[in-house]
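Here is the file final.cif (mmCIF, C-alpha atoms and all ligand atoms).
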```
data_work
#
loop_
_atom_site.label_atom_id
_atom_site.label_comp_id
_atom_site.auth_asym_id
_atom_site.auth_seq_id
_atom_site.Cartn_x
_atom_site.Cartn_y
_atom_site.Cartn_z
CA MET V 887 -36.90 0.78 41.13
CA ASN V 888 -40.41 -0.52 40.36
CA LYS V 889 -41.43 -1.49 36.83
CA LYS V 890 -43.48 1.66 36.14
CA ASN V 891 -40.61 3.94 37.15
CA SER V 892 -38.16 2.03 35.05
CA ILE V 893 -40.44 2.30 31.97
CA LEU V 894 -40.88 6.02 32.61
CA LYS V 895 -37.16 6.47 32.89
CA LYS V 896 -36.55 4.61 29.64
CA HIS V 897 -39.15 6.70 27.78
CA ARG V 898 -38.06 10.00 29.26
CA TYR V 899 -34.63 9.19 27.90
CA ARG V 900 -36.08 8.43 24.46
CA PHE V 901 -38.13 11.66 24.34
CA PHE V 902 -35.21 13.90 24.96
CA PHE V 903 -32.67 12.27 22.70
CA LYS V 904 -32.39 11.92 19.00
CA ASP V 905 -30.00 9.14 18.11
CA ILE V 906 -27.73 9.04 15.11
CA ALA V 907 -25.23 6.34 14.12
CA VAL V 908 -22.28 7.24 11.93
CA ASP V 909 -19.74 5.05 10.17
CA LEU V 910 -16.88 7.33 9.25
CA GLY V 911 -15.15 5.29 6.56
CA THR V 912 -12.10 5.90 4.40
CA ASN V 913 -14.25 5.47 1.30
CA SER V 914 -17.73 6.34 2.44
CA THR V 915 -19.59 7.88 5.35
CA GLN V 916 -22.88 6.32 6.31
CA ILE V 917 -25.54 7.63 8.66
CA TYR V 918 -28.27 5.42 10.08
CA LEU V 919 -31.35 6.56 11.99
CA ARG V 920 -33.32 4.06 14.02
CA ARG V 921 -36.69 4.45 12.33
CA LYS V 922 -35.54 5.65 8.94
CA GLY V 923 -32.60 3.32 8.21
CA LEU V 924 -29.68 4.45 6.07
CA VAL V 925 -30.24 8.15 5.34
CA VAL V 926 -26.74 9.09 4.15
CA GLU V 927 -24.31 7.00 2.14
CA GLU V 928 -21.81 9.30 0.50
CA PRO V 929 -18.13 9.19 -0.47
CA SER V 930 -15.85 10.69 2.20
CA VAL V 931 -14.57 13.38 -0.15
CA ILE V 932 -14.52 17.19 -0.12
CA ALA V 933 -13.65 19.55 -3.00
CA PHE V 934 -12.11 22.97 -2.21
CA ASP V 935 -11.75 26.02 -4.36
CA LEU V 936 -8.29 27.19 -3.28
CA ALA V 937 -8.61 30.61 -4.91
CA ARG V 938 -11.91 31.45 -3.22
CA LYS V 939 -11.00 29.48 -0.05
CA LYS V 940 -14.37 27.75 -0.18
CA ILE V 941 -15.79 24.25 -0.11
CA ILE V 942 -17.50 23.68 -3.44
CA ALA V 943 -18.69 20.08 -3.13
CA ILE V 944 -19.00 17.29 -0.55
CA GLY V 945 -19.72 13.57 -1.01
CA LYS V 946 -20.87 12.17 -4.38
CA GLU V 947 -20.45 15.45 -6.22
CA ALA V 948 -16.89 15.89 -4.90
CA LYS V 949 -15.98 12.30 -5.80
CA ARG V 950 -16.99 12.89 -9.40
CA MET V 951 -14.38 15.67 -9.54
CA ILE V 952 -11.39 13.52 -8.47
CA GLY V 953 -8.70 13.62 -11.14
CA LYS V 954 -10.72 16.03 -13.27
CA THR V 955 -10.28 19.36 -11.46
CA PRO V 956 -8.51 22.50 -12.71
CA GLN V 957 -5.47 23.74 -10.71
CA ARG V 958 -7.43 25.93 -8.33
CA ILE V 959 -9.69 23.08 -7.14
CA ARG V 960 -8.43 20.37 -4.83
CA THR V 961 -10.24 17.19 -3.76
CA VAL V 962 -9.45 15.81 -0.32
CA LYS V 963 -10.21 12.46 1.32
CA PRO V 964 -10.03 13.43 5.01
CA LEU V 965 -9.75 9.83 6.24
CA GLN V 966 -6.69 7.75 5.52
CA ASP V 967 -6.34 4.07 6.48
CA GLY V 968 -9.62 4.42 8.36
CA VAL V 969 -8.45 7.22 10.66
CA VAL V 970 -9.04 10.97 10.64
CA ALA V 971 -6.04 12.44 8.83
CA ASP V 972 -7.50 15.90 8.22
CA PHE V 973 -9.48 17.06 11.21
CA GLU V 974 -10.89 20.32 9.82
CA THR V 975 -12.17 18.67 6.65
CA THR V 976 -13.70 15.77 8.57
CA LYS V 977 -15.54 18.30 10.72
CA GLN V 978 -16.93 20.15 7.68
CA MET V 979 -17.96 16.87 6.12
CA LEU V 980 -19.79 15.71 9.26
CA ILE V 981 -21.60 19.03 9.62
CA TYR V 982 -22.81 18.69 6.02
CA PHE V 983 -23.87 15.04 6.38
CA PHE V 984 -25.65 15.65 9.72
CA ARG V 985 -27.60 18.43 8.03
CA LYS V 986 -28.41 16.11 5.16
CA ALA V 987 -29.64 13.49 7.63
CA GLY V 988 -32.08 16.12 8.96
CA VAL V 989 -31.31 15.56 12.63
CA TYR V 990 -31.07 19.15 13.80
CA SER V 991 -33.85 20.24 16.12
CA SER V 992 -33.95 22.40 19.21
CA LEU V 993 -36.41 19.92 20.75
CA PHE V 994 -33.87 17.13 21.06
CA ARG V 995 -30.47 16.53 22.49
CA LEU V 996 -28.52 14.89 19.71
CA ARG V 997 -26.81 11.68 20.74
CA ALA V 998 -24.33 10.17 18.30
CA ILE V 999 -22.46 6.91 18.07
CA ILE V 1000 -19.48 6.98 15.72
CA THR V 1001 -17.31 4.08 14.62
CA VAL V 1002 -13.53 4.23 14.97
CA PRO V 1003 -10.97 1.64 13.84
CA PHE V 1004 -9.66 -0.87 16.37
CA GLY V 1005 -6.59 0.52 18.11
CA THR V 1006 -7.51 4.20 17.65
CA THR V 1007 -5.37 6.33 19.97
CA GLN V 1008 -6.80 8.68 22.60
CA ILE V 1009 -5.78 11.68 20.49
CA GLU V 1010 -7.51 10.29 17.42
CA LYS V 1011 -10.61 9.51 19.52
CA ARG V 1012 -10.69 13.06 20.78
CA ALA V 1013 -10.45 14.36 17.20
CA VAL V 1014 -13.52 12.29 16.23
CA VAL V 1015 -15.41 13.46 19.33
CA ASP V 1016 -14.58 17.09 18.50
CA ALA V 1017 -15.78 16.61 14.92
CA GLY V 1018 -19.04 15.05 16.18
CA ARG V 1019 -19.51 17.88 18.64
CA ALA V 1020 -18.89 20.52 15.95
CA ALA V 1021 -21.58 18.76 13.91
CA GLY V 1022 -24.04 19.27 16.78
CA ALA V 1023 -23.96 16.09 18.89
CA LYS V 1024 -24.23 16.74 22.62
CA GLU V 1025 -23.43 13.25 23.73
CA ILE V 1026 -21.02 11.05 21.81
CA TYR V 1027 -20.18 7.37 21.98
CA LEU V 1028 -17.35 5.82 20.01
CA ILE V 1029 -17.47 2.14 19.12
CA GLU V 1030 -14.64 0.17 17.56
CA GLU V 1031 -15.61 -0.74 14.03
CA PRO V 1032 -15.20 -4.55 14.26
CA LEU V 1033 -17.37 -4.60 17.39
CA ALA V 1034 -20.05 -2.56 15.62
CA ALA V 1035 -19.74 -4.80 12.54
CA ALA V 1036 -20.18 -7.90 14.72
CA ILE V 1037 -23.41 -6.50 16.21
CA GLY V 1038 -24.57 -5.61 12.68
CA ALA V 1039 -23.83 -9.20 11.62
CA ASN V 1040 -26.28 -10.32 14.35
CA ILE V 1041 -23.64 -11.83 16.60
CA ASN V 1042 -24.52 -11.77 20.27
CA VAL V 1043 -21.38 -9.96 21.38
CA GLU V 1044 -22.36 -9.92 25.06
CA GLU V 1045 -21.90 -13.66 25.54
CA PRO V 1046 -18.68 -15.10 26.97
CA GLN V 1047 -18.19 -16.71 23.59
CA GLY V 1048 -15.38 -16.02 21.12
CA ASN V 1049 -16.21 -14.77 17.62
CA LEU V 1050 -13.70 -13.87 14.95
CA ILE V 1051 -14.66 -10.86 12.82
CA ILE V 1052 -12.70 -9.65 9.83
CA ASN V 1053 -13.80 -6.25 8.58
CA ILE V 1054 -12.25 -5.47 5.20
CA GLY V 1055 -12.78 -1.77 4.51
CA GLY V 1056 -11.32 0.55 1.91
CA GLY V 1057 -8.23 1.69 3.81
CA ALA V 1058 -7.96 -0.79 6.68
CA THR V 1059 -8.64 -4.42 7.53
CA GLU V 1060 -9.46 -5.31 11.09
CA ILE V 1061 -9.13 -8.74 12.59
CA ALA V 1062 -10.85 -9.01 15.96
CA VAL V 1063 -11.75 -11.72 18.42
CA ILE V 1064 -14.85 -10.53 20.22
CA SER V 1065 -16.17 -11.81 23.52
CA LEU V 1066 -18.11 -10.33 26.47
CA GLY V 1067 -18.82 -7.04 24.69
CA GLY V 1068 -15.20 -6.23 23.89
CA ILE V 1069 -12.26 -7.08 21.68
CA ALA V 1070 -10.23 -9.81 23.37
CA ARG V 1071 -7.55 -9.75 20.70
CA GLY V 1072 -7.30 -7.71 17.54
CA GLU V 1073 -5.17 -6.22 14.87
CA SER V 1074 -5.69 -3.38 12.45
CA LEU V 1075 -3.87 -3.81 9.17
CA ARG V 1076 -3.31 -0.57 7.32
CA PHE V 1077 -4.49 -1.93 4.00
CA GLY V 1078 -7.88 -2.66 2.55
CA GLY V 1079 -9.84 -2.93 -0.68
CA ASN V 1080 -8.32 0.28 -2.07
CA ASP V 1081 -4.87 -1.27 -1.92
CA LEU V 1082 -6.15 -4.11 -4.10
CA ASN V 1083 -6.92 -1.43 -6.71
CA THR V 1084 -3.32 -0.20 -6.42
CA TYR V 1085 -2.01 -3.76 -6.94
CA ILE V 1086 -4.13 -4.06 -10.08
CA GLN V 1087 -3.00 -0.68 -11.43
CA ARG V 1088 0.65 -1.54 -10.77
CA TYR V 1089 0.36 -4.96 -12.42
CA ILE V 1090 -1.20 -3.54 -15.59
CA ARG V 1091 1.36 -0.72 -15.74
CA ASN V 1092 4.31 -3.09 -15.36
CA HIS V 1093 3.10 -5.88 -17.64
CA TYR V 1094 1.10 -4.03 -20.29
CA ARG V 1095 2.56 -0.49 -20.12
CA LEU V 1096 -0.98 0.78 -19.63
CA GLU V 1097 -1.87 3.42 -17.03
CA ILE V 1098 -5.39 2.93 -15.70
CA GLY V 1099 -7.38 5.19 -13.37
CA GLU V 1100 -8.45 4.27 -9.84
CA SER V 1101 -12.09 3.89 -10.79
CA THR V 1102 -11.20 1.56 -13.68
CA ALA V 1103 -9.12 -0.56 -11.30
CA GLU V 1104 -12.06 -0.66 -8.87
CA GLN V 1105 -14.42 -1.78 -11.63
CA VAL V 1106 -11.94 -4.44 -12.85
CA LYS V 1107 -11.61 -5.73 -9.28
CA LYS V 1108 -15.36 -6.06 -8.80
CA GLU V 1109 -15.94 -7.72 -12.17
CA ALA V 1110 -12.92 -9.86 -12.79
CA VAL V 1111 -10.78 -10.49 -9.74
CA TYR V 1112 -11.13 -13.75 -7.80
CA ALA V 1113 -9.52 -14.60 -4.48
CA LEU V 1114 -9.61 -18.27 -5.50
CA ASP V 1115 -10.02 -20.36 -8.66
CA PRO V 1116 -10.48 -17.66 -11.32
CA PRO V 1117 -12.32 -19.01 -14.37
CA LYS V 1118 -9.88 -20.28 -16.98
CA GLY V 1119 -9.90 -18.65 -20.41
CA ARG V 1120 -12.02 -15.62 -19.39
CA ILE V 1121 -10.73 -12.21 -20.39
CA GLN V 1122 -11.49 -8.70 -19.15
CA PRO V 1123 -11.46 -5.56 -21.29
CA VAL V 1124 -9.40 -2.74 -19.72
CA SER V 1125 -9.00 0.85 -20.95
CA GLY V 1126 -6.26 3.35 -20.12
CA ILE V 1127 -3.37 5.36 -21.52
CA ASN V 1128 -0.60 3.53 -23.35
CA LEU V 1129 2.62 4.64 -21.65
CA ARG V 1130 4.70 4.28 -24.83
CA SER V 1131 2.46 6.14 -27.25
CA GLY V 1132 0.68 8.37 -24.74
CA LEU V 1133 -2.60 7.52 -26.47
CA PRO V 1134 -5.78 5.97 -25.08
CA GLU V 1135 -5.96 2.23 -25.58
CA SER V 1136 -8.29 -0.67 -24.82
CA ILE V 1137 -6.85 -4.15 -24.28
CA THR V 1138 -7.99 -7.48 -22.82
CA ILE V 1139 -6.29 -9.25 -19.91
CA PRO V 1140 -6.90 -12.83 -18.71
CA VAL V 1141 -8.92 -12.92 -15.46
CA GLU V 1142 -6.42 -15.47 -14.11
CA GLU V 1143 -3.61 -12.92 -14.43
CA LEU V 1144 -5.61 -10.13 -12.77
CA SER V 1145 -6.49 -12.44 -9.90
CA ALA V 1146 -2.85 -13.46 -9.44
CA ALA V 1147 -1.92 -9.76 -9.11
CA ILE V 1148 -3.69 -9.41 -5.75
CA LYS V 1149 -2.38 -12.68 -4.27
CA PRO V 1150 0.37 -11.04 -2.14
CA MET V 1151 -2.19 -9.02 -0.18
CA LEU V 1152 -4.41 -12.03 0.40
CA GLU V 1153 -1.42 -14.01 1.65
CA THR V 1154 -0.50 -11.19 4.08
CA LEU V 1155 -4.09 -11.21 5.33
CA SER V 1156 -4.14 -14.94 5.97
CA VAL V 1157 -0.79 -14.80 7.81
CA ALA V 1158 -2.18 -12.00 10.04
CA ILE V 1159 -5.33 -14.03 10.80
CA LYS V 1160 -3.24 -17.07 11.75
CA LYS V 1161 -1.12 -14.89 14.03
CA THR V 1162 -4.21 -13.50 15.80
CA PHE V 1163 -5.55 -17.04 16.16
CA GLU V 1164 -2.32 -18.22 17.78
CA GLN V 1165 -2.58 -15.46 20.39
CA VAL V 1166 -6.02 -16.32 21.77
CA SER V 1167 -6.75 -18.65 24.65
CA PRO V 1168 -7.62 -22.29 23.83
CA GLN V 1169 -11.21 -21.65 25.02
CA LEU V 1170 -11.70 -18.76 22.61
CA ALA V 1171 -9.98 -20.70 19.81
CA SER V 1172 -12.33 -23.62 20.28
CA ASP V 1173 -15.36 -21.26 20.15
CA ILE V 1174 -14.09 -19.83 16.87
CA ILE V 1175 -13.53 -23.26 15.37
CA GLN V 1176 -17.20 -23.96 16.12
CA SER V 1177 -18.70 -20.64 15.03
CA GLY V 1178 -16.32 -19.83 12.18
CA ILE V 1179 -15.09 -16.50 10.82
CA PHE V 1180 -17.45 -13.62 9.93
CA LEU V 1181 -16.50 -11.31 7.09
CA THR V 1182 -17.83 -7.74 6.94
CA GLY V 1183 -16.95 -4.50 5.07
CA GLY V 1184 -16.93 -3.93 1.31
CA GLY V 1185 -13.91 -6.20 0.82
CA ALA V 1186 -16.05 -9.16 1.94
CA MET V 1187 -17.66 -8.93 -1.50
CA LEU V 1188 -14.47 -9.79 -3.36
CA LYS V 1189 -15.26 -12.86 -5.44
CA LYS V 1190 -14.55 -16.14 -3.57
CA ILE V 1191 -12.81 -14.45 -0.61
CA GLY V 1192 -14.84 -16.64 1.76
CA LEU V 1193 -13.71 -19.86 0.06
CA PHE V 1194 -10.11 -18.65 -0.04
CA LEU V 1195 -10.02 -18.00 3.72
CA GLN V 1196 -11.89 -21.20 4.48
CA LYS V 1197 -9.26 -23.17 2.60
CA LYS V 1198 -6.42 -21.34 4.35
CA MET V 1199 -7.82 -21.45 7.89
CA LEU V 1200 -9.71 -24.75 7.68
CA ILE V 1201 -12.71 -23.30 9.51
CA PRO V 1202 -16.08 -22.14 8.15
CA VAL V 1203 -16.26 -18.58 6.84
CA HIS V 1204 -19.54 -16.63 6.73
CA ILE V 1205 -20.06 -13.50 4.66
CA ALA V 1206 -22.36 -11.18 6.64
CA GLN V 1207 -25.54 -10.03 5.00
CA ASP V 1208 -25.16 -6.56 3.47
CA PRO V 1209 -21.49 -6.39 4.59
CA THR V 1210 -20.91 -2.68 3.77
CA THR V 1211 -23.60 -1.48 6.20
CA CYS V 1212 -22.88 -3.93 9.05
CA ALA V 1213 -20.87 -1.42 11.08
CA VAL V 1214 -23.36 1.46 10.94
CA ARG V 1215 -26.35 -0.84 11.59
CA GLY V 1216 -24.48 -2.44 14.49
CA ALA V 1217 -23.54 0.95 15.93
CA SER V 1218 -27.18 2.05 15.78
CA LYS V 1219 -28.31 -1.12 17.55
CA ALA V 1220 -25.66 -0.63 20.24
CA LEU V 1221 -27.00 2.85 21.01
CA GLU V 1222 -30.59 1.66 20.98
CA GLU V 1223 -29.85 -1.20 23.37
CA LEU V 1224 -27.33 0.62 25.50
CA HIS V 1225 -29.20 -0.07 28.72
CA ALA V 1226 -29.34 -3.81 27.98
CA MET V 1227 -25.81 -4.31 26.70
CA ARG V 1228 -24.07 -4.25 30.03
CA HIS V 1229 -20.64 -5.44 28.90
CA LEU V 1230 -20.29 -3.38 25.75
CA GLU V 1231 -17.01 -1.41 25.62
CA LEU V 1232 -17.70 2.12 24.42
CA TYR V 1233 -15.91 5.43 24.74
CA HIS V 1234 -18.32 8.04 26.10
CA SER V 1235 -18.12 11.82 26.05
CA ARG V 1236 -20.81 14.22 27.18
CA ASN V 1237 -21.04 17.99 27.57
N1 LIG O 1301 -18.10 -6.26 -5.13
C1 LIG O 1301 -16.93 -5.93 -4.59
N2 LIG O 1301 -15.82 -6.67 -4.81
C2 LIG O 1301 -14.64 -6.34 -4.27
N3 LIG O 1301 -14.45 -5.26 -3.48
C3 LIG O 1301 -15.51 -4.48 -3.24
C4 LIG O 1301 -16.81 -4.76 -3.75
N4 LIG O 1301 -17.67 -3.80 -3.34
C5 LIG O 1301 -16.95 -2.94 -2.58
N5 LIG O 1301 -15.65 -3.35 -2.53
C6 LIG O 1301 -14.54 -2.66 -1.87
O1 LIG O 1301 -14.81 -2.41 -0.52
C7 LIG O 1301 -14.05 -1.27 -0.09
C8 LIG O 1301 -14.94 -0.33 0.68
O2 LIG O 1301 -15.43 -0.99 1.80
P1 LIG O 1301 -16.16 -0.19 2.97
O3 LIG O 1301 -17.30 0.56 2.40
O4 LIG O 1301 -16.45 -1.20 4.03
O5 LIG O 1301 -14.99 0.80 3.37
P2 LIG O 1301 -14.95 2.02 4.40
O6 LIG O 1301 -15.79 1.68 5.57
O7 LIG O 1301 -15.25 3.28 3.68
O8 LIG O 1301 -13.40 2.03 4.76
P3 LIG O 1301 -12.63 1.80 6.16
O9 LIG O 1301 -13.48 0.88 7.00
O10 LIG O 1301 -11.32 1.21 5.76
O11 LIG O 1301 -12.49 3.16 6.73
C9 LIG O 1301 -13.53 -0.60 -1.36
O12 LIG O 1301 -12.14 -0.83 -1.50
C10 LIG O 1301 -14.32 -1.28 -2.46
O13 LIG O 1301 -13.60 -1.36 -3.66
MG MG O 1302 -15.50 0.73 7.31
#
```
Mind turning the file's structure into structure tokens?
Amino acid sequence: MNKKNSILKKHRYRFFFKDIAVDLGTNSTQIYLRRKGLVVEEPSVIAFDLARKKIIAIGKEAKRMIGKTPQRIRTVKPLQDGVVADFETTKQMLIYFFRKAGVYSSLFRLRAIITVPFGTTQIEKRAVVDAGRAAGAKEIYLIEEPLAAAIGANINVEEPQGNLIINIGGGATEIAVISLGGIARGESLRFGGNDLNTYIQRYIRNHYRLEIGESTAEQVKKEAVYALDPPKGRIQPVSGINLRSGLPESITIPVEELSAAIKPMLETLSVAIKKTFEQVSPQLASDIIQSGIFLTGGGAMLKKIGLFLQKKMLIPVHIAQDPTTCAVRGASKALEELHAMRHLELYHSRN
């Protein structure tokens, strides 16, 4: 094909399609449009009125209702451990978010790329494709989240060069060795940042007889939990319900203690990384030793997680810029550069 024809073909393609990138996360759903950037960033939550059999809120508004609803209202998180656990609700949520992103138009064929966790089964993939189709996409690509996150972290995934990505999300943590546009070796651990909240809640309940809410645990984690070397002598105020008296109470807990509470999960993570490392070829291992580990996902923002892993693995650890949006930005770039990324492993469905 001559140059003019190839340019025409590329542009014809662009005129007819409207591209949308979606990161369907356990905690939040993000939508990214090429020229507009991040247009939707909302909690993956839906609130139902059971009596009237109606959805009453989606996203931020629904999240505010968690734990505060009367009997007849139920809040649902349709994704568990990163995968679609409630298909119908996921579909409703996507329809709402696509509308919010303003991508519906009879002039365009909507083309979507949606992230899925590493190791997603064919059945789960089909469920995501069906949800995307119900939301209006005519052509759908699925990309494994660590691969998308690597592209978003500006790694050239097409090279025959090993890169180790660790994406720490809310419900899942993915460890993936990426080379030649695919995942050479990977593991999806069914725990993530939300489980750290559970560890914190459990610790405070067992040691202080204080019941704290999920959002308090999340705030404590962000403010006062360190993966390594917590500051000595610092204390953190924590409020909850005293389990003996049943009354609200505010106490202070040493930051060192709170940080020790999450240690078991960090140890499990470092064991899993070592295991993945042992399974790769010597060539890939030597690439990784050179390039280091890249951390993405919200969990990459845990205080001193990079230093902790660096000390454990004895290789450099880089925290990606803007780690929570790496996957959706990477997915968008993959769709934009589809014709150039010859090796990229994607699941494609068209109707
Ligand atoms: N500053 C911070 N310190 C520690 N953890 C944080 C911080 N900011 C966000 N997190 C955690 O990151 C997690 C959410 O990450 P992310 O947005 O990547 O998840 P997700 O994509 O919705 O989930 P998944 O990929 O598992 O489906 C939450 O558990 C949140 O508490
Ligand atoms: Mg994620």
Counting only C-alpha atoms and all ligand atoms, give me one row per residue of chain V with an atom at most 10 Å from an atom of ligand MG 1302 (chain O), showing the shortest contact pair and its distance in Å to one decimal, sorted by chain then residue number, as a tab-separated table.
```
residue	atom	partner	partner_atom	distance
V:Asp909	CA	O:MG1302	MG	6.7
V:Leu910	CA	O:MG1302	MG	7.0
V:Gly911	CA	O:MG1302	MG	4.6
V:Thr912	CA	O:MG1302	MG	6.8
V:Asn913	CA	O:MG1302	MG	7.8
V:Ser914	CA	O:MG1302	MG	7.8
V:Thr915	CA	O:MG1302	MG	8.5
V:Gln916	CA	O:MG1302	MG	9.3
V:Asp967	CA	O:MG1302	MG	9.8
V:Gly968	CA	O:MG1302	MG	7.0
V:Thr1001	CA	O:MG1302	MG	8.2
V:Val1002	CA	O:MG1302	MG	8.6
V:Pro1003	CA	O:MG1302	MG	8.0
V:Glu1031	CA	O:MG1302	MG	6.9
V:Pro1032	CA	O:MG1302	MG	8.7
V:Ala1035	CA	O:MG1302	MG	8.7
V:Asn1053	CA	O:MG1302	MG	7.3
V:Ile1054	CA	O:MG1302	MG	7.3
V:Gly1055	CA	O:MG1302	MG	4.6
V:Gly1056	CA	O:MG1302	MG	6.8
V:Gly1057	CA	O:MG1302	MG	8.1
V:Ala1058	CA	O:MG1302	MG	7.7
V:Thr1059	CA	O:MG1302	MG	8.6
V:Glu1060	CA	O:MG1302	MG	9.3
V:Gly1078	CA	O:MG1302	MG	9.6
V:Thr1182	CA	O:MG1302	MG	8.8
V:Gly1183	CA	O:MG1302	MG	5.9
V:Gly1184	CA	O:MG1302	MG	7.7
V:Gly1185	CA	O:MG1302	MG	9.6
V:Pro1209	CA	O:MG1302	MG	9.7
V:Thr1210	CA	O:MG1302	MG	7.3
V:Thr1211	CA	O:MG1302	MG	8.5
V:Cys1212	CA	O:MG1302	MG	8.9
V:Ala1213	CA	O:MG1302	MG	6.9
V:Val1214	CA	O:MG1302	MG	8.7
```
inquiry  = Given the point (-8.9, -9.3, 16.9) in the coordinates of this file, which residues lie within 7 Å, counting all atoms listed in the file, and how would they look as a list in words?
reply    = Leu1050, Ile1061, Ala1062, Val1063, Ile1064, Ile1069, Ala1070, Arg1071, Gly1072, Glu1073 and Thr1162 of chain V
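Note that CA of Arg1091 in chain V and CA of Ile1127 in chain V are 9.6 Å apart.
In terms of minimum interatomic distance to Gln1047 in chain V, V:Ser1177 ranks closest within V:Ser1177, V:Ser1136, V:Ala987, V:Arg960, counting only C-alpha atoms.
Between ligand LIG 1301 (chain O) and the candidates V:Leu936, V:Ile1174, V:Ala1039, V:Met1187, the tightest atom-to-atom separation, counting only C-alpha atoms and all ligand atoms, involves V:Met1187.
Counting all atoms listed in the file, the residue from V:Gly953, V:Gly1192, V:Gly988, V:Pro1168 that sits nearest to ligand LIG 1301 (chain O) is V:Gly1192.
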Within 9 Å of Ser1065 in chain V, counting all atoms listed in the file, which residues show up once you throw out same-chain ones fewer than 5 positions away? Write them as a short mmCIF file (atom, residue, chain, number, x, y, z; two decimals) with C-alpha atoms, keeping the file's coordinate frame, please.
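selection.cif, written as the output of this step:
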```
data_model
loop_
_atom_site.label_atom_id
_atom_site.label_comp_id
_atom_site.auth_asym_id
_atom_site.auth_seq_id
_atom_site.Cartn_x
_atom_site.Cartn_y
_atom_site.Cartn_z
CA ASN V 1042 -24.52 -11.77 20.27
CA VAL V 1043 -21.38 -9.96 21.38
CA GLU V 1044 -22.36 -9.92 25.06
CA GLU V 1045 -21.90 -13.66 25.54
CA PRO V 1046 -18.68 -15.10 26.97
CA GLN V 1047 -18.19 -16.71 23.59
CA GLY V 1048 -15.38 -16.02 21.12
CA ASN V 1049 -16.21 -14.77 17.62
CA ALA V 1070 -10.23 -9.81 23.37
CA LEU V 1170 -11.70 -18.76 22.61
#
```
Can you give me N, CA and C atoms for range 1104-1119 of chain V, written as a PDB file, keeping the file's coordinate frame?
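Result file is out-v8.pdb:
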```pdb
ATOM      1  N   GLU V1104     -10.976  -0.250  -9.784  1.00  0.00           N
ATOM      2  CA  GLU V1104     -12.060  -0.660  -8.870  1.00  0.00           C
ATOM      3  C   GLU V1104     -13.096  -1.510  -9.616  1.00  0.00           C
ATOM      4  N   GLN V1105     -13.426  -1.061 -10.826  1.00  0.00           N
ATOM      5  CA  GLN V1105     -14.420  -1.780 -11.630  1.00  0.00           C
ATOM      6  C   GLN V1105     -13.867  -3.160 -12.046  1.00  0.00           C
ATOM      7  N   VAL V1106     -12.586  -3.185 -12.456  1.00  0.00           N
ATOM      8  CA  VAL V1106     -11.940  -4.440 -12.850  1.00  0.00           C
ATOM      9  C   VAL V1106     -11.955  -5.412 -11.663  1.00  0.00           C
ATOM     10  N   LYS V1107     -11.637  -4.874 -10.481  1.00  0.00           N
ATOM     11  CA  LYS V1107     -11.610  -5.730  -9.280  1.00  0.00           C
ATOM     12  C   LYS V1107     -12.975  -6.364  -9.026  1.00  0.00           C
ATOM     13  N   LYS V1108     -14.021  -5.544  -9.101  1.00  0.00           N
ATOM     14  CA  LYS V1108     -15.360  -6.060  -8.800  1.00  0.00           C
ATOM     15  C   LYS V1108     -15.832  -7.078  -9.848  1.00  0.00           C
ATOM     16  N   GLU V1109     -15.439  -6.845 -11.101  1.00  0.00           N
ATOM     17  CA  GLU V1109     -15.940  -7.720 -12.170  1.00  0.00           C
ATOM     18  C   GLU V1109     -15.087  -8.948 -12.402  1.00  0.00           C
ATOM     19  N   ALA V1110     -13.764  -8.814 -12.234  1.00  0.00           N
ATOM     20  CA  ALA V1110     -12.920  -9.860 -12.790  1.00  0.00           C
ATOM     21  C   ALA V1110     -11.808 -10.363 -11.888  1.00  0.00           C
ATOM     22  N   VAL V1111     -11.852 -10.023 -10.605  1.00  0.00           N
ATOM     23  CA  VAL V1111     -10.780 -10.490  -9.740  1.00  0.00           C
ATOM     24  C   VAL V1111     -11.332 -11.492  -8.721  1.00  0.00           C
ATOM     25  N   TYR V1112     -10.689 -12.652  -8.664  1.00  0.00           N
ATOM     26  CA  TYR V1112     -11.130 -13.750  -7.800  1.00  0.00           C
ATOM     27  C   TYR V1112     -10.055 -14.035  -6.758  1.00  0.00           C
ATOM     28  N   ALA V1113     -10.493 -14.247  -5.517  1.00  0.00           N
ATOM     29  CA  ALA V1113      -9.520 -14.600  -4.480  1.00  0.00           C
ATOM     30  C   ALA V1113      -9.085 -16.058  -4.631  1.00  0.00           C
ATOM     31  N   LEU V1114      -9.910 -16.844  -5.323  1.00  0.00           N
ATOM     32  CA  LEU V1114      -9.610 -18.270  -5.500  1.00  0.00           C
ATOM     33  C   LEU V1114     -10.209 -18.749  -6.826  1.00  0.00           C
ATOM     34  N   ASP V1115      -9.536 -19.704  -7.441  1.00  0.00           N
ATOM     35  CA  ASP V1115     -10.020 -20.360  -8.660  1.00  0.00           C
ATOM     36  C   ASP V1115     -10.652 -19.423  -9.693  1.00  0.00           C
ATOM     37  N   PRO V1116      -9.896 -18.508 -10.263  1.00  0.00           N
ATOM     38  CA  PRO V1116     -10.480 -17.660 -11.320  1.00  0.00           C
ATOM     39  C   PRO V1116     -10.837 -18.518 -12.529  1.00  0.00           C
ATOM     40  N   PRO V1117     -11.930 -18.191 -13.220  1.00  0.00           N
ATOM     41  CA  PRO V1117     -12.320 -19.010 -14.370  1.00  0.00           C
ATOM     42  C   PRO V1117     -11.256 -18.994 -15.465  1.00  0.00           C
ATOM     43  N   LYS V1118     -10.930 -20.170 -15.952  1.00  0.00           N
ATOM     44  CA  LYS V1118      -9.880 -20.280 -16.980  1.00  0.00           C
ATOM     45  C   LYS V1118     -10.408 -19.766 -18.321  1.00  0.00           C
ATOM     46  N   GLY V1119      -9.557 -19.078 -19.042  1.00  0.00           N
ATOM     47  CA  GLY V1119      -9.900 -18.650 -20.410  1.00  0.00           C
ATOM     48  C   GLY V1119     -10.723 -17.378 -20.481  1.00  0.00           C
TER      49      GLY V1119
END
```
